Every structure is written in C-alpha cells, then in structure tokens.
$ cat structure27.pdb   # PDB, C-alpha atoms
ATOM      1  CA  MET O 234       0.000   0.000   0.000
ATOM      2  CA  PRO O 235       1.435   3.386  -0.921
ATOM      3  CA  THR O 236       2.232   5.677   1.994
ATOM      4  CA  ASP O 237       3.654   9.144   2.499
ATOM      5  CA  GLU O 238       6.442   7.815   4.705
ATOM      6  CA  ARG O 239       9.961   8.592   3.583
ATOM      7  CA  PRO O 240      13.258   7.027   4.638
ATOM      8  CA  ALA O 241      14.737   8.806   7.596
ATOM      9  CA  GLY O 242      17.490  11.202   6.574
ATOM     10  CA  PRO O 243      20.708  11.939   8.466
ATOM     11  CA  PRO O 244      20.218  13.316  11.965
ATOM     12  CA  THR O 245      19.989  17.076  12.225
ATOM     13  CA  GLY O 246      21.253  19.409  14.887
ATOM     14  CA  PRO O 247      24.681  19.845  16.446
ATOM     15  CA  ALA O 248      27.085  16.916  16.559
ATOM     16  CA  PRO O 249      27.420  15.282  19.971
ATOM     17  CA  ASP O 250      30.267  16.571  22.121
ATOM     18  CA  PRO O 251      32.860  13.796  22.645
ATOM     19  CA  LEU O 252      33.439  15.130  26.155
ATOM     20  CA  ASP O 253      29.891  14.122  27.096
ATOM     21  CA  ALA O 254      31.215  10.560  27.316
ATOM     22  CA  LEU O 255      33.370  11.487  30.314
ATOM     23  CA  PRO O 256      32.100  11.698  33.899
ATOM     24  CA  ARG O 257      31.588  15.111  35.470
ATOM     25  CA  TYR O 258      34.013  15.655  38.306
ATOM     26  CA  VAL O 259      32.391  16.579  41.617
ATOM     27  CA  GLU O 260      34.502  19.143  43.440
ATOM     28  CA  PRO O 261      35.235  17.987  47.011
ATOM     29  CA  ASP O 262      36.385  21.514  47.895
ATOM     30  CA  PRO O 263      34.792  24.122  45.612
ATOM     31  CA  GLY O 264      36.886  26.889  47.145
ATOM     32  CA  ALA O 265      40.300  25.306  46.541
ATOM     33  CA  PRO O 266      42.786  27.729  44.939
ATOM     34  CA  GLU O 267      44.292  27.136  41.513
ATOM     35  CA  VAL O 268      48.086  27.062  41.277
ATOM     36  CA  THR O 269      49.775  27.345  37.883
ATOM     37  CA  LEU O 270      52.141  24.445  37.263
ATOM     38  CA  PRO O 271      55.521  24.895  35.557
ATOM     39  CA  GLY O 272      55.862  24.161  31.850
ATOM     40  CA  GLY O 273      52.629  23.688  29.999
ATOM     41  CA  ASN O 274      53.598  25.373  26.729
ATOM     42  CA  VAL O 275      50.844  23.527  24.889
ATOM     43  CA  GLY O 276      47.916  23.837  27.257
ATOM     44  CA  GLY O 277      48.766  25.366  30.586
ATOM     45  CA  ALA O 278      48.031  23.163  33.579
ATOM     46  CA  VAL O 279      46.896  24.212  37.040
ATOM     47  CA  ARG O 280      46.808  22.296  40.277
ATOM     48  CA  VAL O 281      43.582  22.324  42.279
ATOM     49  CA  GLY O 282      43.971  20.407  45.530
ATOM     50  CA  PRO O 283      44.889  16.784  44.684
ATOM     51  CA  THR O 284      44.086  17.252  40.971
ATOM     52  CA  VAL O 285      45.489  18.801  37.798
ATOM     53  CA  ARG O 286      43.254  20.651  35.333
ATOM     54  CA  ARG O 287      44.129  21.020  31.650
ATOM     55  CA  PRO O 288      42.242  22.193  28.547
ATOM     56  CA  ALA O 289      40.250  19.322  27.054
ATOM     57  CA  GLY O 290      39.384  18.546  23.443
ATOM     58  CA  PRO O 291      37.831  15.851  21.256
ATOM     59  CA  TRP O 292      40.916  13.706  21.901
ATOM     60  CA  THR O 293      40.510  13.719  25.697
ATOM     61  CA  PRO O 294      38.197  10.659  25.994
ATOM     62  CA  THR O 295      40.709   8.601  23.996
ATOM     63  CA  VAL O 296      43.590   9.782  26.179
ATOM     64  CA  HIS O 297      41.646   8.970  29.350
ATOM     65  CA  ALA O 298      40.922   5.490  27.991
ATOM     66  CA  LEU O 299      44.654   5.102  27.331
ATOM     67  CA  LEU O 300      45.479   6.108  30.909
ATOM     68  CA  ASP O 301      42.909   3.690  32.295
ATOM     69  CA  HIS O 302      44.320   0.903  30.123
ATOM     70  CA  VAL O 303      47.966   1.229  31.100
ATOM     71  CA  ARG O 304      47.079   1.687  34.763
ATOM     72  CA  SER O 305      45.065  -1.531  34.568
ATOM     73  CA  ARG O 306      48.218  -3.232  33.279
ATOM     74  CA  GLY O 307      50.098  -2.103  36.384
ATOM     75  CA  LEU O 308      52.186   0.651  34.798
ATOM     76  CA  ASP O 309      53.691   2.940  37.408
ATOM     77  CA  GLY O 310      53.823   6.731  37.294
ATOM     78  CA  VAL O 311      50.567   7.322  35.397
ATOM     79  CA  PRO O 312      47.914   9.826  36.584
ATOM     80  CA  ALA O 313      44.367   8.572  37.089
ATOM     81  CA  PRO O 314      41.837  10.303  34.796
ATOM     82  CA  LEU O 315      38.959  11.736  36.829
ATOM     83  CA  GLY O 316      36.666  13.295  34.224
ATOM     84  CA  ILE O 317      35.702  16.839  33.242
ATOM     85  CA  ASP O 318      35.138  19.790  35.570
ATOM     86  CA  ALA O 319      32.464  22.506  35.409
ATOM     87  CA  GLN O 320      34.734  24.633  33.194
ATOM     88  CA  GLY O 321      35.110  21.838  30.655
ATOM     89  CA  ARG O 322      38.698  21.044  31.621
ATOM     90  CA  GLU O 323      40.044  17.526  31.988
ATOM     91  CA  VAL O 324      40.716  16.472  35.570
ATOM     92  CA  LEU O 325      43.677  14.219  36.356
ATOM     93  CA  GLU O 326      45.206  12.939  39.547
ATOM     94  CA  HIS O 327      48.107  15.139  40.647
ATOM     95  CA  LEU O 328      51.283  13.073  40.755
ATOM     96  CA  PRO O 329      53.789  13.906  43.500
ATOM     97  CA  GLY O 330      57.333  14.694  42.466
ATOM     98  CA  GLU O 331      59.482  17.295  40.779
ATOM     99  CA  VAL O 332      59.947  17.959  37.076
ATOM    100  CA  VAL O 333      63.354  16.946  35.762
ATOM    101  CA  ASP O 334      65.319  19.976  34.603
ATOM    102  CA  LEU O 335      67.095  19.291  31.312
ATOM    103  CA  ALA O 336      70.323  20.633  32.780
ATOM    104  CA  GLU O 337      70.150  17.955  35.490
ATOM    105  CA  VAL O 338      69.561  14.764  33.521
ATOM    106  CA  THR O 339      71.997  12.425  35.227
ATOM    107  CA  ASP O 340      72.959   9.071  33.763
ATOM    108  CA  ALA O 341      70.764   7.416  36.371
ATOM    109  CA  ARG O 342      67.754   9.564  35.488
ATOM    110  CA  LEU O 343      68.265   8.854  31.809
ATOM    111  CA  ALA O 344      68.380   5.111  32.481
ATOM    112  CA  SER O 345      65.325   5.218  34.750
ATOM    113  CA  GLY O 346      63.274   7.111  32.167
ATOM    114  CA  ALA O 347      64.300   4.680  29.432
ATOM    115  CA  ALA O 348      63.279   1.697  31.562
ATOM    116  CA  TRP O 349      59.901   3.331  32.263
ATOM    117  CA  LEU O 350      59.420   3.824  28.521
ATOM    118  CA  ALA O 351      59.998   0.100  27.936
ATOM    119  CA  ARG O 352      57.384  -0.690  30.596
ATOM    120  CA  TYR O 353      54.948   1.703  28.926
ATOM    121  CA  HIS O 354      55.424   0.081  25.523
ATOM    122  CA  ASP O 355      54.738  -3.308  27.083
ATOM    123  CA  ALA O 356      51.619  -2.041  28.877
ATOM    124  CA  VAL O 357      50.169  -0.545  25.705
ATOM    125  CA  ALA O 358      51.073  -3.407  23.363
ATOM    126  CA  ASP O 359      47.583  -4.938  23.440
ATOM    127  CA  LEU O 360      45.637  -1.675  23.089
ATOM    128  CA  ARG O 361      43.978  -1.301  19.656
ATOM    129  CA  PRO O 362      41.550   1.647  19.753
ATOM    130  CA  VAL O 363      39.022   1.801  16.906
ATOM    131  CA  GLU O 364      37.770   5.099  15.470
ATOM    132  CA  ALA O 365      39.660   6.919  18.204
ATOM    133  CA  ARG O 366      40.138  10.690  18.145
ATOM    134  CA  TRP O 367      43.733  11.818  18.561
ATOM    135  CA  ARG O 368      44.965  15.369  18.867
ATOM    136  CA  LEU O 369      47.449  15.424  16.002
ATOM    137  CA  VAL O 370      46.286  12.645  13.663
ATOM    138  CA  ASP O 371      42.913  11.196  12.711
ATOM    139  CA  ARG O 372      43.378   7.492  11.995
ATOM    140  CA  ASP O 373      43.479   4.062  13.580
ATOM    141  CA  LEU O 374      46.696   2.208  14.329
ATOM    142  CA  ALA O 375      48.450   0.682  11.345
ATOM    143  CA  PRO O 376      49.881  -2.857  11.566
ATOM    144  CA  GLY O 377      52.959  -2.850  13.774
ATOM    145  CA  GLU O 378      52.028   0.408  15.490
ATOM    146  CA  ILE O 379      51.231   1.105  19.128
ATOM    147  CA  VAL O 380      49.816   4.109  20.941
ATOM    148  CA  CYS O 381      52.913   6.210  21.587
ATOM    149  CA  HIS O 382      53.089   8.842  24.299
ATOM    150  CA  HIS O 383      54.824  11.065  21.702
ATOM    151  CA  ASP O 384      56.089  13.494  24.352
ATOM    152  CA  ALA O 385      57.744  11.188  26.892
ATOM    153  CA  THR O 386      60.602  13.618  27.274
ATOM    154  CA  MET O 387      62.735  14.240  30.343
ATOM    155  CA  TYR O 388      60.929  17.533  31.008
ATOM    156  CA  ASN O 389      57.655  15.595  31.273
ATOM    157  CA  MET O 390      59.062  13.164  33.831
ATOM    158  CA  LEU O 391      59.028  13.487  37.610
ATOM    159  CA  VAL O 392      61.468  12.358  40.272
ATOM    160  CA  ALA O 393      60.671  12.154  43.971
ATOM    161  CA  GLY O 394      62.734  15.204  44.904
ATOM    162  CA  PRO O 395      66.097  16.988  44.610
ATOM    163  CA  GLY O 396      68.875  14.479  44.090
ATOM    164  CA  ALA O 397      66.492  11.598  43.379
ATOM    165  CA  ASP O 398      67.141   9.607  40.219
ATOM    166  CA  ASP O 399      64.211   7.232  39.801
ATOM    167  CA  VAL O 400      61.400   8.454  37.545
ATOM    168  CA  VAL O 401      58.183   8.275  39.566
ATOM    169  CA  GLY O 402      55.722   9.945  37.201
ATOM    170  CA  VAL O 403      55.117  10.913  33.583
ATOM    171  CA  VAL O 404      52.786  13.757  32.595
ATOM    172  CA  ASP O 405      51.441  15.568  29.498
ATOM    173  CA  TRP O 406      49.649  12.768  27.658
ATOM    174  CA  ASP O 407      47.503  14.880  25.337
ATOM    175  CA  VAL O 408      49.484  14.289  22.115
ATOM    176  CA  ALA O 409      49.467  10.485  22.429
ATOM    177  CA  GLY O 410      48.617   8.652  19.235
ATOM    178  CA  PRO O 411      49.681   6.094  16.620
ATOM    179  CA  GLY O 412      53.384   5.420  16.146
ATOM    180  CA  VAL O 413      56.144   2.874  16.642
ATOM    181  CA  PRO O 414      58.263   2.426  19.788
ATOM    182  CA  LEU O 415      61.250   3.968  18.028
ATOM    183  CA  ASP O 416      59.294   7.236  17.769
ATOM    184  CA  ASP O 417      59.094   7.503  21.569
ATOM    185  CA  LEU O 418      62.746   6.558  21.998
ATOM    186  CA  VAL O 419      63.799   9.346  19.642
ATOM    187  CA  MET O 420      61.755  11.935  21.536
ATOM    188  CA  PHE O 421      63.262  10.725  24.786
ATOM    189  CA  ALA O 422      66.818  10.802  23.399
ATOM    190  CA  TRP O 423      66.245  14.231  21.851
ATOM    191  CA  SER O 424      65.649  15.778  25.259
ATOM    192  CA  GLY O 425      67.663  13.427  27.468
ATOM    193  CA  VAL O 426      70.978  12.655  25.774
ATOM    194  CA  PRO O 427      70.438  15.481  24.704
ATOM    195  CA  LEU O 428      70.462  15.219  20.924
ATOM    196  CA  TYR O 429      68.886  18.659  20.505
ATOM    197  CA  ALA O 430      72.141  20.120  21.819
ATOM    198  CA  GLU O 431      75.783  19.421  20.977
ATOM    199  CA  PRO O 432      77.100  17.042  23.630
ATOM    200  CA  GLY O 433      79.982  16.008  21.373
ATOM    201  CA  ALA O 434      80.094  12.818  19.329
ATOM    202  CA  GLN O 435      81.746  10.672  22.003
ATOM    203  CA  GLU O 436      79.567  11.879  24.868
ATOM    204  CA  GLY O 437      76.458  11.691  22.701
ATOM    205  CA  ALA O 438      77.325   8.109  21.756
ATOM    206  CA  ARG O 439      77.970   7.171  25.396
ATOM    207  CA  ARG O 440      74.666   8.594  26.590
ATOM    208  CA  LEU O 441      72.694   7.137  23.696
ATOM    209  CA  ARG O 442      74.165   3.692  24.398
ATOM    210  CA  LEU O 443      73.282   4.088  28.081
ATOM    211  CA  LEU O 444      69.692   4.959  27.139
ATOM    212  CA  THR O 445      69.212   2.075  24.709
ATOM    213  CA  ARG O 446      70.905  -0.370  27.086
ATOM    214  CA  ALA O 447      68.516   0.551  29.925
ATOM    215  CA  TYR O 448      65.524   0.312  27.593
ATOM    216  CA  GLY O 449      66.764  -2.956  26.140
ATOM    217  CA  GLU O 450      67.346  -4.611  29.508
ATOM    218  CA  GLN O 451      63.831  -3.749  30.666
ATOM    219  CA  ALA O 452      62.315  -4.749  27.323
ATOM    220  CA  ALA O 453      64.140  -8.100  27.390
ATOM    221  CA  ALA O 454      62.791  -8.793  30.877
ATOM    222  CA  LEU O 455      59.305  -8.255  29.455
ATOM    223  CA  GLY O 456      59.927 -10.328  26.335
ATOM    224  CA  ARG O 457      59.907  -7.299  24.037
ATOM    225  CA  PRO O 458      62.355  -6.325  21.281
ATOM    226  CA  ALA O 459      64.571  -3.258  21.515
ATOM    227  CA  PRO O 460      66.382  -1.174  18.891
ATOM    228  CA  ALA O 461      70.110  -0.517  18.760
ATOM    229  CA  ALA O 462      71.543   2.903  19.474
ATOM    230  CA  GLN O 463      72.299   3.344  15.769
ATOM    231  CA  ASP O 464      68.611   2.772  14.958
ATOM    232  CA  VAL O 465      67.629   5.577  17.302
ATOM    233  CA  ALA O 466      70.296   7.911  15.920
ATOM    234  CA  ARG O 467      69.177   7.367  12.318
ATOM    235  CA  HIS O 468      65.471   7.824  13.135
ATOM    236  CA  VAL O 469      65.937  11.266  14.687
ATOM    237  CA  VAL O 470      65.671  13.314  11.494
ATOM    238  CA  PRO O 471      62.468  11.709  10.133
ATOM    239  CA  ARG O 472      60.844  11.502  13.575
ATOM    240  CA  MET O 473      61.571  15.056  14.645
ATOM    241  CA  THR O 474      60.695  16.394  11.201
ATOM    242  CA  ALA O 475      57.325  14.666  11.468
ATOM    243  CA  SER O 476      56.860  16.228  14.897
ATOM    244  CA  THR O 477      57.455  19.741  13.581
ATOM    245  CA  ASP O 478      55.129  19.082  10.650
ATOM    246  CA  ARG O 479      52.344  18.035  13.031
ATOM    247  CA  ILE O 480      52.846  21.145  15.130
ATOM    248  CA  ALA O 481      52.694  23.338  12.022
ATOM    249  CA  ALA O 482      49.556  21.539  10.798
ATOM    250  CA  GLY O 483      47.930  22.041  14.201
ATOM    251  CA  GLN O 484      48.762  25.735  14.084
ATOM    252  CA  GLU O 485      47.264  26.035  10.603
ATOM    253  CA  ALA O 486      44.142  24.274  11.862
ATOM    254  CA  GLY O 487      43.859  26.733  14.764
ATOM    255  CA  ASP O 488      44.587  24.307  17.623
ATOM    256  CA  PRO O 489      45.040  26.690  20.588
ATOM    257  CA  GLY O 490      47.658  24.458  22.198
ATOM    258  CA  MET O 491      49.746  24.292  19.052
ATOM    259  CA  LEU O 492      49.373  28.053  18.579
ATOM    260  CA  ASN O 493      50.752  28.499  22.100
ATOM    261  CA  LEU O 494      53.965  26.868  20.893
ATOM    262  CA  LEU O 495      54.544  29.824  18.572
ATOM    263  CA  ARG O 496      55.376  31.872  21.663
ATOM    264  CA  VAL O 497      58.365  29.632  22.380
ATOM    265  CA  GLY O 498      59.487  29.566  18.774
ATOM    266  CA  GLU O 499      58.073  26.231  17.656
ATOM    267  CA  PRO O 500      58.307  24.549  15.244
ATOM    268  CA  ALA O 501      61.089  26.763  13.826
ATOM    269  CA  ARG O 502      63.356  26.152  16.826
ATOM    270  CA  THR O 503      63.175  22.376  16.526
ATOM    271  CA  ARG O 504      63.554  22.489  12.752
ATOM    272  CA  ALA O 505      66.810  24.385  13.201
ATOM    273  CA  GLY O 506      67.928  21.850  15.783
ATOM    274  CA  VAL O 507      67.146  18.950  13.455
ATOM    275  CA  ALA O 508      69.177  20.537  10.647
ATOM    276  CA  ALA O 509      72.148  20.967  13.004
ATOM    277  CA  TYR O 510      71.781  17.370  14.199
ATOM    278  CA  ALA O 511      71.709  16.073  10.612
ATOM    279  CA  ALA O 512      75.024  17.806   9.982
ATOM    280  CA  ARG O 513      76.699  15.945  12.855
ATOM    281  CA  LEU O 514      74.938  12.586  12.436
ATOM    282  CA  THR O 515      77.858  11.001  10.565
ATOM    283  CA  ALA O 516      80.195  11.788  13.447
ATOM    284  CA  LEU O 517      77.739  10.382  15.981
ATOM    285  CA  LEU O 518      77.324   7.141  14.014
ATOM    286  CA  ALA O 519      81.093   6.799  13.752
ATOM    287  CA  ALA O 520      81.424   7.250  17.513
ATOM    288  CA  LEU O 521      78.692   4.645  18.105
ATOM    289  CA  ALA O 522      80.506   2.210  15.846
ATOM    290  CA  SER O 523      83.737   2.636  17.770
ATOM    291  CA  SER O 524      82.239   2.793  21.267
ATOM    292  CA  PRO O 525      82.161  -0.285  23.497
ATOM    293  CA  SER O 526      78.783  -1.994  23.794
TER     294      SER O 526
END

$ encode --input "structure27.pdb" --output "structure tokens"
Amino acid sequence: MPTDERPAGPPTGPAPDPLDALPRYVEPDPGAPEVTLPGGNVGGAVRVGPTVRRPAGPWTPTVHALLDHVRSRGLDGVPAPLGIDAQGREVLEHLPGEVVDLAEVTDARLASGAAWLARYHDAVADLRPVEARWRLVDRDLAPGEIVCHHDATMYNMLVAGPGADDVVGVVDWDVAGPGVPLDDLVMFAWSGVPLYAEPGAQEGARRLRLLTRAYGEQAAALGRPAPAAQDVARHVVPRMTASTDRIAAGQEAGDPGMLNLLRVGEPARTRAGVAAYAARLTALLAALASSPS
C-alpha cells in the first residue's frame, strides 16, 4: 500500500560533544585555589587540591581510555583520569614529584626514564583503539604500530625530589597517538641525551648507548624487542621532522595548544635543531661504531 512515509534522513542538529562521554568531576572543595604548574607550553596546567586541570578537546576521551588501560596493566607513574570539571577542563590525579630539569639529567635519570618507557610500551602493546580521536592525527593504528606517548621527554618526567634519580611519574599525555616504539625513543633521546644540543660525538654516543641499554634490559625482561643505538640515531631526522610538521599543521588548523607553541618559537626552533643534528649525524654514528657496547 502506498504511503507518504519517507526514509529517515541523516540526523539534524549539532554533533554530539565527545566530552559528554566522560564523567563530570564533583569538586570535594569548591573553594580550593588554583596554582599554575611549571611548563605547559601547549595547554597550561593548574593544580587544584589533589588534581590537575588542563584544557580538554575531542581527543581527551581517547587519552583517558589510554590512561585507564595502562594503569590496569600495572604501569607505574601514570595519573588517574577523573573526568571533566564545570569549566570543561580535563581532571587528572596530581602526581607527586618534581619535574626533571634538562640541565640535570643524570645518567641514572636517563636510564630510569628509558626503563619506564619500555614498561609503557609493554603495557600498551595490546591496546587497539578503533575510530579513536587523537589530537594530532585522525586514523586508527596501522599494523605494527602502538599508541605512543609522543612526548615522553625528560621535562615531562618526575622524580621524587632533589637528588632523586628514579622516575616516579610521567605527565602531558595529550598528544598520544599512533606510532612505533622507536618514535618515543627518539623523543626521549632528543631531550635526554640530549640530541637537541651538541654534547659532542663521544659523549652523545655514550649517553645514547646508556639509554638504549637501559631500555633494552627492561624490554628483554618483558619479552619485548629493543632497537640498537644506531637505529635511534638514524630515526631522529624523520621523527623530529614529522613532529614539527604536526605542530605546524595544528597551528594552521587553529589548535590553541599548538598556537601556544609559537610563543616559544616552535616549530622553527626544533627544525633548526634537526638541521644541526643532521650535519653531525655522521660523526655520531662513527662514535657509536667505535664505542664499546
């Protein structure tokens, strides 16, 4: 029988807010003061009582799911995600500890951070998000990829206090997304060896070997593979170039966090550093080839 009914068209009205999927955080102390935390070039974090508040975005539910996942796998040093506050900011557990100053990255701190990174890669190995929203890319994991932290740098790591060497916390998870373990190792070496500076070929080789040895020992204990120091050294230029390209793309798209990086000279500053590193890569590889294992 003919009718006037028509197939339903696409839904109208505004698209659902991804943040609606997150719980609303109930303030235990509505009058608690906000204290600006150091760093925070991308978003600007504040401490409110036992929590940290940061700007949220469509990627935040995926990041919170990542945090829940690795915590469920027993990974240490990861903040608990607590939801969204009345101002629309993400709420995370505040981790105790002090930020590692790049001028004070001891050998022991470098080794501890590398071992933590191996534990992270093991904890995330079985996570395969589908149709996830990431901050800097919009795709699922490709075969062989994991969810990288992508900013697991020494300045985003915490130690218990002055003079302490063991990494007890890792912060700034908002740019996590698809990648390979070598991507995270390059970011860590860039800030920790440090490869962004000029430590000298011999010292750079020594520190890079220390880093990859610490990562490799922890990875082996977990039954995971690990790259050689030369692999990390060679991957720096493509990895850091990709990082600057993503920052530039985010700025062009109007991402407020990426636009904040313009104030500290990014991505031009890192692009200059990558060009300088490329010029001394041959010397670093030669020093790695002649250095003891």

$ closest_residue --input "structure27.pdb" --among "O:Ala512, O:Ala365, O:Leu521, O:Val403" --to "Glu431 in chain O" --atoms "only C-alpha atoms"
O:Ala512

$ residues_around --input "structure27.pdb" --residues "range 346-361 of chain O" --least-positions-apart "3" --cutoff "7 Å" --atoms "all atoms listed in the file" --output "PyMOL selection string"
chain O and resi 303+306+308+342-343+374+379-380+400+414+444+447-448+451-452

$ closest_atom_pairs --input "structure27.pdb" --of "range 415-451 of chain O" --to "range 470-485 of chain O" --cutoff "12 Å" --atoms "only C-alpha atoms" --output "CSV"
residue,atom,partner,partner_atom,distance
O:Leu415,CA,O:Arg472,CA,8.8
O:Asp416,CA,O:Arg472,CA,6.2
O:Asp417,CA,O:Arg472,CA,9.1
O:Leu418,CA,O:Arg472,CA,10.0
O:Val419,CA,O:Arg472,CA,7.1
O:Met420,CA,O:Met473,CA,7.6
O:Phe421,CA,O:Met473,CA,11.2
O:Ala422,CA,O:Met473,CA,11.1
O:Trp423,CA,O:Met473,CA,8.6
O:Ser424,CA,O:Met473,CA,11.4
O:Leu428,CA,O:Val470,CA,10.7
O:Tyr429,CA,O:Met473,CA,10.0

$ write_last_selection --input "structure27.pdb" --atoms "C-alpha atoms" --output "PDB file, in the frame of the given file"
ATOM      1  CA  LEU O 415      61.250   3.968  18.028  1.00  0.00           C
ATOM      2  CA  ASP O 416      59.294   7.236  17.769  1.00  0.00           C
ATOM      3  CA  ASP O 417      59.094   7.503  21.569  1.00  0.00           C
ATOM      4  CA  LEU O 418      62.746   6.558  21.998  1.00  0.00           C
ATOM      5  CA  VAL O 419      63.799   9.346  19.642  1.00  0.00           C
ATOM      6  CA  MET O 420      61.755  11.935  21.536  1.00  0.00           C
ATOM      7  CA  PHE O 421      63.262  10.725  24.786  1.00  0.00           C
ATOM      8  CA  ALA O 422      66.818  10.802  23.399  1.00  0.00           C
ATOM      9  CA  TRP O 423      66.245  14.231  21.851  1.00  0.00           C
ATOM     10  CA  SER O 424      65.649  15.778  25.259  1.00  0.00           C
ATOM     11  CA  LEU O 428      70.462  15.219  20.924  1.00  0.00           C
ATOM     12  CA  TYR O 429      68.886  18.659  20.505  1.00  0.00           C
TER      13      TYR O 429
END

$ resolve_selection --input "structure27.pdb" --expression "the PyMOL selection byres ((chain O and resi 280) around 10)" --output "PyMOL selection string"
chain O and resi 265-270+278-279+281-287+324-327

$ closest_residue --input "structure27.pdb" --among "O:Leu492, O:Val404, O:Ala520, O:Met387" --to "Asp334 in chain O" --atoms "all atoms listed in the file"
O:Met387

$ resolve_selection --input "structure27.pdb" --expression "the PyMOL selection byres ((chain O and resi 340) around 9)" --output "PDB file with C-alpha atoms, keeping the file's coordinate frame"
ATOM      1  CA  VAL O 338      69.561  14.764  33.521  1.00  0.00           C
ATOM      2  CA  THR O 339      71.997  12.425  35.227  1.00  0.00           C
ATOM      3  CA  ALA O 341      70.764   7.416  36.371  1.00  0.00           C
ATOM      4  CA  ARG O 342      67.754   9.564  35.488  1.00  0.00           C
ATOM      5  CA  LEU O 343      68.265   8.854  31.809  1.00  0.00           C
ATOM      6  CA  ALA O 344      68.380   5.111  32.481  1.00  0.00           C
ATOM      7  CA  SER O 345      65.325   5.218  34.750  1.00  0.00           C
ATOM      8  CA  ASP O 398      67.141   9.607  40.219  1.00  0.00           C
ATOM      9  CA  VAL O 426      70.978  12.655  25.774  1.00  0.00           C
ATOM     10  CA  ARG O 440      74.666   8.594  26.590  1.00  0.00           C
ATOM     11  CA  LEU O 443      73.282   4.088  28.081  1.00  0.00           C
ATOM     12  CA  LEU O 444      69.692   4.959  27.139  1.00  0.00           C
TER      13      LEU O 444
END

$ closest_residue --input "structure27.pdb" --among "O:Gly277, O:Ala486, O:Ala519, O:Gly402" --to "Glu331 in chain O" --atoms "only C-alpha atoms"
O:Gly402

$ closest_residue --input "structure27.pdb" --among "O:Gly394, O:Gly487, O:Gly506, O:Gly437" --to "Leu369 in chain O" --atoms "only C-alpha atoms"
O:Gly487
